[in-house]
>>> print(open('my_file.pdb').read())   # PDB, C-alpha atoms
ATOM      1  CA  MET G   1     218.045 -58.559  86.562
ATOM      2  CA  SER G   2     218.383 -58.714  90.323
ATOM      3  CA  LEU G   3     218.020 -55.708  92.589
ATOM      4  CA  GLU G   4     221.717 -55.560  93.459
ATOM      5  CA  ALA G   5     222.827 -55.611  89.802
ATOM      6  CA  HIS G   6     220.270 -52.906  88.938
ATOM      7  CA  VAL G   7     221.397 -50.571  91.734
ATOM      8  CA  THR G   8     225.093 -51.158  91.020
ATOM      9  CA  THR G   9     224.679 -50.472  87.287
ATOM     10  CA  PHE G  10     222.747 -47.248  87.948
ATOM     11  CA  LEU G  11     225.246 -45.903  90.477
ATOM     12  CA  VAL G  12     228.226 -46.756  88.267
ATOM     13  CA  CYS G  13     226.547 -44.830  85.433
ATOM     14  CA  ILE G  14     225.998 -41.834  87.789
ATOM     15  CA  ILE G  15     229.641 -41.566  88.932
ATOM     16  CA  PRO G  16     231.240 -40.055  85.738
ATOM     17  CA  ILE G  17     228.680 -37.211  85.685
ATOM     18  CA  TYR G  18     229.549 -36.357  89.278
ATOM     19  CA  VAL G  19     233.265 -36.424  88.486
ATOM     20  CA  ALA G  20     232.716 -34.094  85.506
ATOM     21  CA  ALA G  21     230.822 -31.655  87.752
ATOM     22  CA  PHE G  22     233.653 -31.812  90.321
ATOM     23  CA  LEU G  23     236.238 -30.962  87.653
ATOM     24  CA  ILE G  24     234.194 -27.957  86.500
ATOM     25  CA  TYR G  25     233.935 -26.734  90.097
ATOM     26  CA  VAL G  26     237.717 -27.158  90.498
ATOM     27  CA  VAL G  27     238.264 -24.939  87.433
ATOM     28  CA  ARG G  28     236.277 -22.191  89.151
ATOM     29  CA  VAL G  29     238.148 -22.716  92.432
ATOM     30  CA  VAL G  30     241.494 -22.298  90.661
ATOM     31  CA  LYS G  31     240.707 -19.279  88.492
ATOM     32  CA  GLY G  32     238.106 -17.431  90.562
ATOM     33  CA  PRO G  33     238.864 -13.691  90.438
ATOM     34  CA  SER G  34     238.011 -12.884  94.054
ATOM     35  CA  ILE G  35     238.209 -14.867  97.261
ATOM     36  CA  SER G  36     234.408 -14.971  97.499
ATOM     37  CA  ASP G  37     234.176 -16.867  94.207
ATOM     38  CA  ARG G  38     236.672 -19.443  95.420
ATOM     39  CA  VAL G  39     234.961 -19.960  98.744
ATOM     40  CA  LEU G  40     231.553 -20.256  97.044
ATOM     41  CA  ALA G  41     232.938 -22.868  94.629
ATOM     42  CA  VAL G  42     234.559 -24.836  97.473
ATOM     43  CA  ASP G  43     231.203 -24.651  99.276
ATOM     44  CA  ALA G  44     229.220 -26.145  96.386
ATOM     45  CA  LEU G  45     232.000 -28.676  95.666
ATOM     46  CA  SER G  46     232.013 -29.987  99.217
ATOM     47  CA  PHE G  47     228.241 -30.332  99.507
ATOM     48  CA  ASP G  48     228.253 -32.322  96.264
ATOM     49  CA  LEU G  49     231.164 -34.365  97.620
ATOM     50  CA  ALA G  50     228.970 -35.226 100.625
ATOM     51  CA  ALA G  51     226.272 -36.540  98.256
ATOM     52  CA  PHE G  52     228.959 -38.465  96.369
ATOM     53  CA  LEU G  53     230.151 -40.054  99.623
ATOM     54  CA  VAL G  54     226.641 -41.327 100.394
ATOM     55  CA  ILE G  55     226.400 -42.842  96.896
ATOM     56  CA  LEU G  56     229.838 -44.470  97.278
ATOM     57  CA  GLY G  57     228.724 -45.853 100.623
ATOM     58  CA  ILE G  58     225.828 -47.661  98.941
ATOM     59  CA  LEU G  59     228.058 -48.849  96.105
ATOM     60  CA  PHE G  60     230.828 -50.213  98.337
ATOM     61  CA  LYS G  61     228.363 -51.472 101.017
ATOM     62  CA  THR G  62     230.241 -49.426 103.642
ATOM     63  CA  ALA G  63     227.961 -47.769 106.185
ATOM     64  CA  ILE G  64     230.710 -45.681 107.824
ATOM     65  CA  LEU G  65     231.000 -43.355 104.807
ATOM     66  CA  VAL G  66     227.681 -41.654 105.582
ATOM     67  CA  PRO G  67     228.569 -39.923 108.919
ATOM     68  CA  ILE G  68     231.724 -38.585 107.215
ATOM     69  CA  ALA G  69     229.392 -36.656 104.886
ATOM     70  CA  ILE G  70     227.802 -34.956 107.923
ATOM     71  CA  VAL G  71     231.229 -33.909 109.228
ATOM     72  CA  LEU G  72     232.264 -32.598 105.789
ATOM     73  CA  ALA G  73     229.116 -30.454 105.475
ATOM     74  CA  LEU G  74     229.602 -28.951 108.933
ATOM     75  CA  TRP G  75     233.269 -28.083 108.282
ATOM     76  CA  VAL G  76     232.367 -26.324 105.044
ATOM     77  CA  TYR G  77     229.773 -24.258 106.906
ATOM     78  CA  ALA G  78     232.515 -23.304 109.382
ATOM     79  CA  LEU G  79     234.729 -22.241 106.453
ATOM     80  CA  ASP G  80     231.937 -20.000 105.133
ATOM     81  CA  VAL G  81     231.428 -18.306 108.466
ATOM     82  CA  TYR G  82     235.178 -17.798 109.060
ATOM     83  CA  VAL G  83     235.782 -16.259 105.625
ATOM     84  CA  ALA G  84     232.703 -14.036 105.941
ATOM     85  CA  LYS G  85     233.893 -12.803 109.325
ATOM     86  CA  TYR G  86     237.348 -12.072 107.918
ATOM     87  CA  LEU G  87     235.954 -10.173 104.940
ATOM     88  CA  GLU G  88     233.604  -8.107 107.049
ATOM     89  CA  ALA G  89     235.794  -7.269 110.055
ATOM     90  CA  ARG G  90     239.340  -7.943 108.720
ATOM     91  CA  GLU G  91     240.181 -10.127 111.684
ATOM     92  CA  MET G  92     239.641 -13.770 112.509
ATOM     93  CA  GLY G  93     238.287 -13.354 116.016
ATOM     94  CA  ASP G  94     240.081 -14.131 119.226
TER
ATOM     95  CA  MET P   1     204.532 -66.478  99.007
ATOM     96  CA  ILE P   2     202.305 -63.477  98.444
ATOM     97  CA  GLU P   3     203.907 -61.710 101.399
ATOM     98  CA  LEU P   4     207.346 -62.339  99.919
ATOM     99  CA  ALA P   5     206.226 -60.846  96.579
ATOM    100  CA  GLY P   6     204.928 -57.753  98.386
ATOM    101  CA  TYR P   7     208.258 -57.344 100.182
ATOM    102  CA  GLU P   8     210.113 -57.495  96.874
ATOM    103  CA  ALA P   9     207.686 -54.999  95.304
ATOM    104  CA  ILE P  10     208.189 -52.494  98.131
ATOM    105  CA  ASN P  11     211.967 -52.809  97.780
ATOM    106  CA  TRP P  12     211.754 -52.223  94.024
ATOM    107  CA  LEU P  13     209.437 -49.230  94.552
ATOM    108  CA  LEU P  14     211.844 -47.606  97.038
ATOM    109  CA  VAL P  15     214.793 -48.195  94.722
ATOM    110  CA  ILE P  16     213.036 -46.800  91.634
ATOM    111  CA  VAL P  17     211.845 -43.635  93.438
ATOM    112  CA  GLY P  18     215.332 -43.147  94.882
ATOM    113  CA  GLU P  19     216.937 -43.561  91.478
ATOM    114  CA  VAL P  20     214.626 -40.946  89.968
ATOM    115  CA  LEU P  21     215.629 -38.512  92.751
ATOM    116  CA  VAL P  22     219.339 -39.258  92.207
ATOM    117  CA  ALA P  23     218.950 -38.699  88.448
ATOM    118  CA  ILE P  24     217.260 -35.308  89.028
ATOM    119  CA  GLY P  25     220.005 -34.416  91.494
ATOM    120  CA  VAL P  26     222.871 -35.294  89.188
ATOM    121  CA  PHE P  27     221.288 -33.225  86.398
ATOM    122  CA  CYS P  28     220.985 -30.228  88.752
ATOM    123  CA  ASP P  29     224.579 -30.790  89.875
ATOM    124  CA  LEU P  30     225.933 -30.646  86.324
ATOM    125  CA  MET P  31     223.841 -27.553  85.526
ATOM    126  CA  GLY P  32     225.045 -25.841  88.710
ATOM    127  CA  ALA P  33     228.664 -26.584  87.833
ATOM    128  CA  LEU P  34     228.225 -25.220  84.308
ATOM    129  CA  GLY P  35     226.563 -22.092  85.685
ATOM    130  CA  MET P  36     229.382 -21.664  88.201
ATOM    131  CA  LEU P  37     231.836 -21.768  85.299
ATOM    132  CA  ARG P  38     229.932 -19.584  82.827
ATOM    133  CA  PHE P  39     228.242 -16.871  84.897
ATOM    134  CA  PRO P  40     230.049 -13.520  84.851
ATOM    135  CA  ASN P  41     229.942 -12.265  88.416
ATOM    136  CA  PHE P  42     229.941 -13.361  92.053
ATOM    137  CA  PHE P  43     226.396 -12.209  92.753
ATOM    138  CA  VAL P  44     225.149 -14.024  89.652
ATOM    139  CA  ARG P  45     227.065 -17.155  90.609
ATOM    140  CA  LEU P  46     225.114 -17.341  93.865
ATOM    141  CA  HIS P  47     222.196 -18.609  91.793
ATOM    142  CA  ALA P  48     224.309 -21.443  90.339
ATOM    143  CA  ALA P  49     225.595 -22.279  93.823
ATOM    144  CA  THR P  50     222.029 -22.637  95.091
ATOM    145  CA  VAL P  51     221.146 -24.961  92.210
ATOM    146  CA  GLY P  52     224.298 -26.965  92.887
ATOM    147  CA  THR P  53     223.738 -27.341  96.634
ATOM    148  CA  ILE P  54     219.999 -27.756  97.097
ATOM    149  CA  GLY P  55     219.263 -29.466  93.786
ATOM    150  CA  GLY P  56     222.605 -31.220  93.534
ATOM    151  CA  ALA P  57     223.205 -32.361  97.101
ATOM    152  CA  VAL P  58     219.952 -32.486  99.093
ATOM    153  CA  VAL P  59     217.841 -34.235  96.446
ATOM    154  CA  PRO P  60     220.368 -37.032  95.638
ATOM    155  CA  ILE P  61     221.024 -37.636  99.349
ATOM    156  CA  LEU P  62     217.283 -38.109  99.893
ATOM    157  CA  GLY P  63     217.244 -40.457  96.896
ATOM    158  CA  ALA P  64     220.252 -42.346  98.267
ATOM    159  CA  ALA P  65     218.428 -42.711 101.588
ATOM    160  CA  LEU P  66     215.483 -44.312  99.780
ATOM    161  CA  ILE P  67     217.824 -46.588  97.796
ATOM    162  CA  ALA P  68     219.620 -47.647 100.976
ATOM    163  CA  ALA P  69     216.294 -48.371 102.683
ATOM    164  CA  GLY P  70     215.245 -50.563  99.767
ATOM    165  CA  CYS P  71     218.490 -52.505  99.255
ATOM    166  CA  ASP P  72     218.230 -55.595 101.457
ATOM    167  CA  PHE P  73     221.607 -56.867 100.215
ATOM    168  CA  LEU P  74     223.217 -54.152 102.370
ATOM    169  CA  GLY P  75     222.261 -56.104 105.452
ATOM    170  CA  TYR P  76     221.092 -54.740 108.777
ATOM    171  CA  TYR P  77     223.148 -51.529 108.438
ATOM    172  CA  ARG P  78     220.914 -50.196 105.652
ATOM    173  CA  TRP P  79     218.648 -48.568 108.242
ATOM    174  CA  PHE P  80     221.682 -46.833 109.732
ATOM    175  CA  MET P  81     222.666 -45.603 106.267
ATOM    176  CA  ALA P  82     219.135 -44.381 105.469
ATOM    177  CA  GLY P  83     218.794 -42.509 108.763
ATOM    178  CA  ALA P  84     222.224 -40.898 108.568
ATOM    179  CA  ALA P  85     221.586 -39.851 104.963
ATOM    180  CA  LEU P  86     218.256 -38.277 105.985
ATOM    181  CA  VAL P  87     219.994 -36.343 108.774
ATOM    182  CA  THR P  88     222.675 -35.198 106.301
ATOM    183  CA  ALA P  89     220.042 -33.981 103.836
ATOM    184  CA  ILE P  90     218.158 -31.966 106.475
ATOM    185  CA  LEU P  91     221.438 -30.512 107.776
ATOM    186  CA  ILE P  92     222.566 -29.399 104.308
ATOM    187  CA  LEU P  93     219.089 -27.987 103.656
ATOM    188  CA  ILE P  94     219.564 -25.726 106.697
ATOM    189  CA  ILE P  95     223.249 -24.768 106.499
ATOM    190  CA  ALA P  96     223.776 -24.271 102.747
ATOM    191  CA  PRO P  97     221.489 -21.190 102.387
ATOM    192  CA  ALA P  98     222.849 -19.787 105.660
ATOM    193  CA  GLY P  99     226.445 -20.139 104.473
ATOM    194  CA  SER P 100     225.930 -18.623 101.043
ATOM    195  CA  HIS P 101     223.851 -15.789 102.511
ATOM    196  CA  VAL P 102     226.480 -14.879 105.097
ATOM    197  CA  LEU P 103     229.152 -14.946 102.375
ATOM    198  CA  ALA P 104     227.085 -12.690 100.094
ATOM    199  CA  ARG P 105     226.472 -10.215 102.912
ATOM    200  CA  ALA P 106     230.179 -10.031 103.787
ATOM    201  CA  THR P 107     231.133  -9.589 100.125
ATOM    202  CA  HIS P 108     228.634  -6.770  99.687
ATOM    203  CA  LYS P 109     229.738  -4.963 102.820
ATOM    204  CA  SER P 110     233.465  -5.260 102.116
ATOM    205  CA  LYS P 111     232.996  -4.058  98.482
ATOM    206  CA  ILE P 112     235.569  -6.412  96.941
ATOM    207  CA  VAL P 113     233.209  -7.346  94.061
ATOM    208  CA  PRO P 114     231.162  -4.684  92.224
ATOM    209  CA  VAL P 115     227.413  -5.297  92.143
ATOM    210  CA  GLU P 116     227.253  -5.530  88.365
ATOM    211  CA  PRO P 117     223.706  -6.158  86.995
ATOM    212  CA  LYS P 118     222.070  -3.597  89.262
ATOM    213  CA  VAL P 119     218.718  -1.835  89.073
ATOM    214  CA  VAL P 120     218.475  -0.552  92.624
ATOM    215  CA  ASP P 121     220.647  -1.325  95.663
ATOM    216  CA  MET P 122     218.957  -0.077  98.807
ATOM    217  CA  LEU P 123     221.552  -1.569 101.151
ATOM    218  CA  GLU P 124     224.333   0.435  99.500
ATOM    219  CA  GLU P 125     222.212   3.607  99.562
ATOM    220  CA  GLU P 126     221.559   3.128 103.228
ATOM    221  CA  GLU P 127     225.251   2.601 103.967
ATOM    222  CA  SER P 128     226.251   5.713 101.958
ATOM    223  CA  ARG P 129     223.712   7.792 103.883
ATOM    224  CA  GLY P 130     225.612   6.895 107.024
ATOM    225  CA  GLY P 131     222.916   4.851 108.652
ATOM    226  CA  GLU P 132     224.231   1.595 110.016
TER
END
>>> encode(input="my_file.pdb", output="structure tokens")
Amino acid sequence: MSLEAHVTTFLVCIIPIYVAAFLIYVVRVVKGPSISDRVLAVDALSFDLAAFLVILGILFKTAILVPIAIVLALWVYALDVYVAKYLEAREMGD
Amino acid sequence: MIELAGYEAINWLLVIVGEVLVAIGVFCDLMGALGMLRFPNFFVRLHAATVGTIGGAVVPILGAALIAAGCDFLGYYRWFMAGAALVTAILILIIAPAGSHVLARATHKSKIVPVEPKVVDMLEEEESRGGE
């Protein structure tokens, strides 16, 4: 078995487990009782989506998918800080 | 010929180590998702979120960086992919604990979720005494 076939087979076997984890996170995002639960679930979902983008970049041989993961992680950190500021001070900042 | 065999062996070694890291990461990801679904409370779910971000995102991105460095069928851009994946892993390693910590602090201070399995809560005692 060549190296390319080995890597492709392994990554294709990994993808359904990631998709199952994403669906479980989406259940928590939809039915979370408080806003903190939803934001925490979106947080974990997006960091795992960044890992999934890197894996898809290897699978599709597309190098441009990897910097998109960096941008996604930084935007989710911004979401955390905004929601925390709103919860603590009840205003979004000027 | 011997040099070519060594090159192939190094590629296979990088790919196998990277695949082991990705397998560990996908296991942690599934366990973090199940914990996020099953745990009863926000402050308990922080534990599942940590498993899902550090174990489920940082470790597979490091493994994907090793796989990309070992896959010579990706062409010259595999070094770009490996470096960018390493930067992503270090960035998530820094910002994921900071984000979840700032969210937990805001939730505790705004009192929208009760601190349920509690033995002692010194932050709440200090706030009720009036000290800020």
>>> interface_residues(input="my_file.pdb", of="chain G", to="chain P", cutoff="6 Å", atoms="only C-alpha atoms", output="list of chain:residue names")
G:Ala21, G:Ile24, G:Tyr25, G:Arg28, G:Asp37, G:Ala44, G:Phe47, G:Asp48, G:Ala51, G:Lys61, G:Ala63, G:Ile70, G:Tyr77, G:Asp80, G:Ala84, G:Leu87, G:Glu88
>>> atom_distance(input="my_file.pdb", atom1="atom CA of Val7 of chain G", atom2="atom CA of Leu23 of chain G")
24.9 Å
>>> axis_aligned_box(input="my_file.pdb", around="segment 45-64 of chain G", padding_each_side="6 Å", output="AutoDock Vina command-line options")
--center_x 228.9 --center_y -40.1 --center_z 101.7 --size_x 18.2 --size_y 34.8 --size_z 24.2
>>> closest_residue(input="my_file.pdb", among="P:Ile90, P:Glu126, P:Glu116, P:His47", to="Ala73 of chain G", atoms="all atoms listed in the file")
P:Ile90
>>> atom_distance(input="my_file.pdb", atom1="atom CA of Val76 of chain G", atom2="atom CA of Ser46 of chain G")
6.9 Å
>>> residues_near_point(input="my_file.pdb", point="(231.0, -44.5, 91.4)", cutoff="10 Å", atoms="all atoms listed in the file", output="PyMOL selection string")
chain G and resi 8-19+52-53+55-60
>>> atom_distance(input="my_file.pdb", atom1="atom CA of Leu65 of chain G", atom2="atom CA of Ala50 of chain G")
9.4 Å
>>> decode(input="my_file.pdb", residues="segment 95-123 of chain P", atoms="N, CA and C atoms", output="mmCIF file, in the first residue's frame")
data_model
loop_
_atom_site.group_PDB
_atom_site.id
_atom_site.type_symbol
_atom_site.label_atom_id
_atom_site.label_comp_id
_atom_site.auth_asym_id
_atom_site.auth_seq_id
_atom_site.Cartn_x
_atom_site.Cartn_y
_atom_site.Cartn_z
ATOM 1 N N ILE P 95 -5.244 30.372 23.471
ATOM 2 C CA ILE P 95 -6.491 31.120 23.576
ATOM 3 C C ILE P 95 -7.665 30.296 24.069
ATOM 4 N N ALA P 96 -7.628 28.975 23.998
ATOM 5 C CA ALA P 96 -8.783 28.194 24.463
ATOM 6 C C ALA P 96 -8.945 28.233 25.984
ATOM 7 N N PRO P 97 -7.873 28.050 26.803
ATOM 8 C CA PRO P 97 -8.066 28.207 28.250
ATOM 9 C C PRO P 97 -8.423 29.634 28.649
ATOM 10 N N ALA P 98 -7.856 30.623 27.934
ATOM 11 C CA ALA P 98 -8.182 32.017 28.267
ATOM 12 C C ALA P 98 -9.654 32.303 28.012
ATOM 13 N N GLY P 99 -10.181 31.813 26.891
ATOM 14 C CA GLY P 99 -11.584 32.056 26.565
ATOM 15 C C GLY P 99 -12.533 31.383 27.526
ATOM 16 N N SER P 100 -12.280 30.114 27.851
ATOM 17 C CA SER P 100 -13.203 29.424 28.752
ATOM 18 C C SER P 100 -13.100 29.986 30.169
ATOM 19 N N HIS P 101 -11.909 30.439 30.559
ATOM 20 C CA HIS P 101 -11.754 31.016 31.894
ATOM 21 C C HIS P 101 -12.489 32.349 32.010
ATOM 22 N N VAL P 102 -12.403 33.173 30.968
ATOM 23 C CA VAL P 102 -13.069 34.475 31.038
ATOM 24 C C VAL P 102 -14.584 34.289 31.019
ATOM 25 N N LEU P 103 -15.055 33.258 30.303
ATOM 26 C CA LEU P 103 -16.489 32.966 30.280
ATOM 27 C C LEU P 103 -16.972 32.452 31.637
ATOM 28 N N ALA P 104 -16.168 31.605 32.282
ATOM 29 C CA ALA P 104 -16.549 31.082 33.599
ATOM 30 C C ALA P 104 -16.578 32.192 34.637
ATOM 31 N N ARG P 105 -15.614 33.108 34.556
ATOM 32 C CA ARG P 105 -15.588 34.215 35.523
ATOM 33 C C ARG P 105 -16.808 35.116 35.346
ATOM 34 N N ALA P 106 -17.164 35.421 34.103
ATOM 35 C CA ALA P 106 -18.328 36.282 33.861
ATOM 36 C C ALA P 106 -19.608 35.590 34.299
ATOM 37 N N THR P 107 -19.713 34.283 34.075
ATOM 38 C CA THR P 107 -20.916 33.558 34.493
ATOM 39 C C THR P 107 -21.040 33.531 36.007
ATOM 40 N N HIS P 108 -19.925 33.353 36.697
ATOM 41 C CA HIS P 108 -19.972 33.340 38.159
ATOM 42 C C HIS P 108 -20.330 34.704 38.718
ATOM 43 N N LYS P 109 -19.798 35.751 38.125
ATOM 44 C CA LYS P 109 -20.072 37.084 38.670
ATOM 45 C C LYS P 109 -21.478 37.548 38.363
ATOM 46 N N SER P 110 -22.041 37.142 37.203
ATOM 47 C CA SER P 110 -23.383 37.609 36.870
ATOM 48 C C SER P 110 -24.471 36.717 37.453
ATOM 49 N N LYS P 111 -24.102 35.573 38.060
ATOM 50 C CA LYS P 111 -25.028 34.703 38.797
ATOM 51 C C LYS P 111 -26.204 34.231 37.947
ATOM 52 N N ILE P 112 -25.979 33.909 36.674
ATOM 53 C CA ILE P 112 -27.079 33.382 35.868
ATOM 54 C C ILE P 112 -27.147 31.860 35.951
ATOM 55 N N VAL P 113 -26.097 31.199 36.450
ATOM 56 C CA VAL P 113 -26.112 29.748 36.636
ATOM 57 C C VAL P 113 -25.729 29.478 38.089
ATOM 58 N N PRO P 114 -26.518 28.708 38.845
ATOM 59 C CA PRO P 114 -26.122 28.402 40.220
ATOM 60 C C PRO P 114 -24.915 27.466 40.250
ATOM 61 N N VAL P 115 -24.034 27.710 41.233
ATOM 62 C CA VAL P 115 -22.846 26.863 41.378
ATOM 63 C C VAL P 115 -23.300 25.602 42.119
ATOM 64 N N GLU P 116 -23.563 24.519 41.376
ATOM 65 C CA GLU P 116 -24.340 23.426 41.939
ATOM 66 C C GLU P 116 -23.536 22.450 42.810
ATOM 67 N N PRO P 117 -22.549 21.709 42.308
ATOM 68 C CA PRO P 117 -21.809 20.823 43.231
ATOM 69 C C PRO P 117 -20.747 21.630 43.963
ATOM 70 N N LYS P 118 -21.127 22.165 45.146
ATOM 71 C CA LYS P 118 -20.276 23.164 45.788
ATOM 72 C C LYS P 118 -19.908 22.715 47.194
ATOM 73 N N VAL P 119 -18.631 22.754 47.506
ATOM 74 C CA VAL P 119 -18.164 22.504 48.867
ATOM 75 C C VAL P 119 -17.882 23.832 49.551
ATOM 76 N N VAL P 120 -17.062 24.647 48.928
ATOM 77 C CA VAL P 120 -16.785 25.979 49.448
ATOM 78 C C VAL P 120 -16.572 26.906 48.257
ATOM 79 N N ASP P 121 -17.082 28.133 48.331
ATOM 80 C CA ASP P 121 -16.962 29.086 47.240
ATOM 81 C C ASP P 121 -16.442 30.398 47.825
ATOM 82 N N MET P 122 -15.143 30.556 47.839
ATOM 83 C CA MET P 122 -14.555 31.710 48.514
ATOM 84 C C MET P 122 -14.761 32.991 47.727
ATOM 85 N N LEU P 123 -14.917 32.888 46.409
ATOM 86 C CA LEU P 123 -15.158 34.096 45.615
ATOM 87 C C LEU P 123 -16.524 34.692 45.938
#
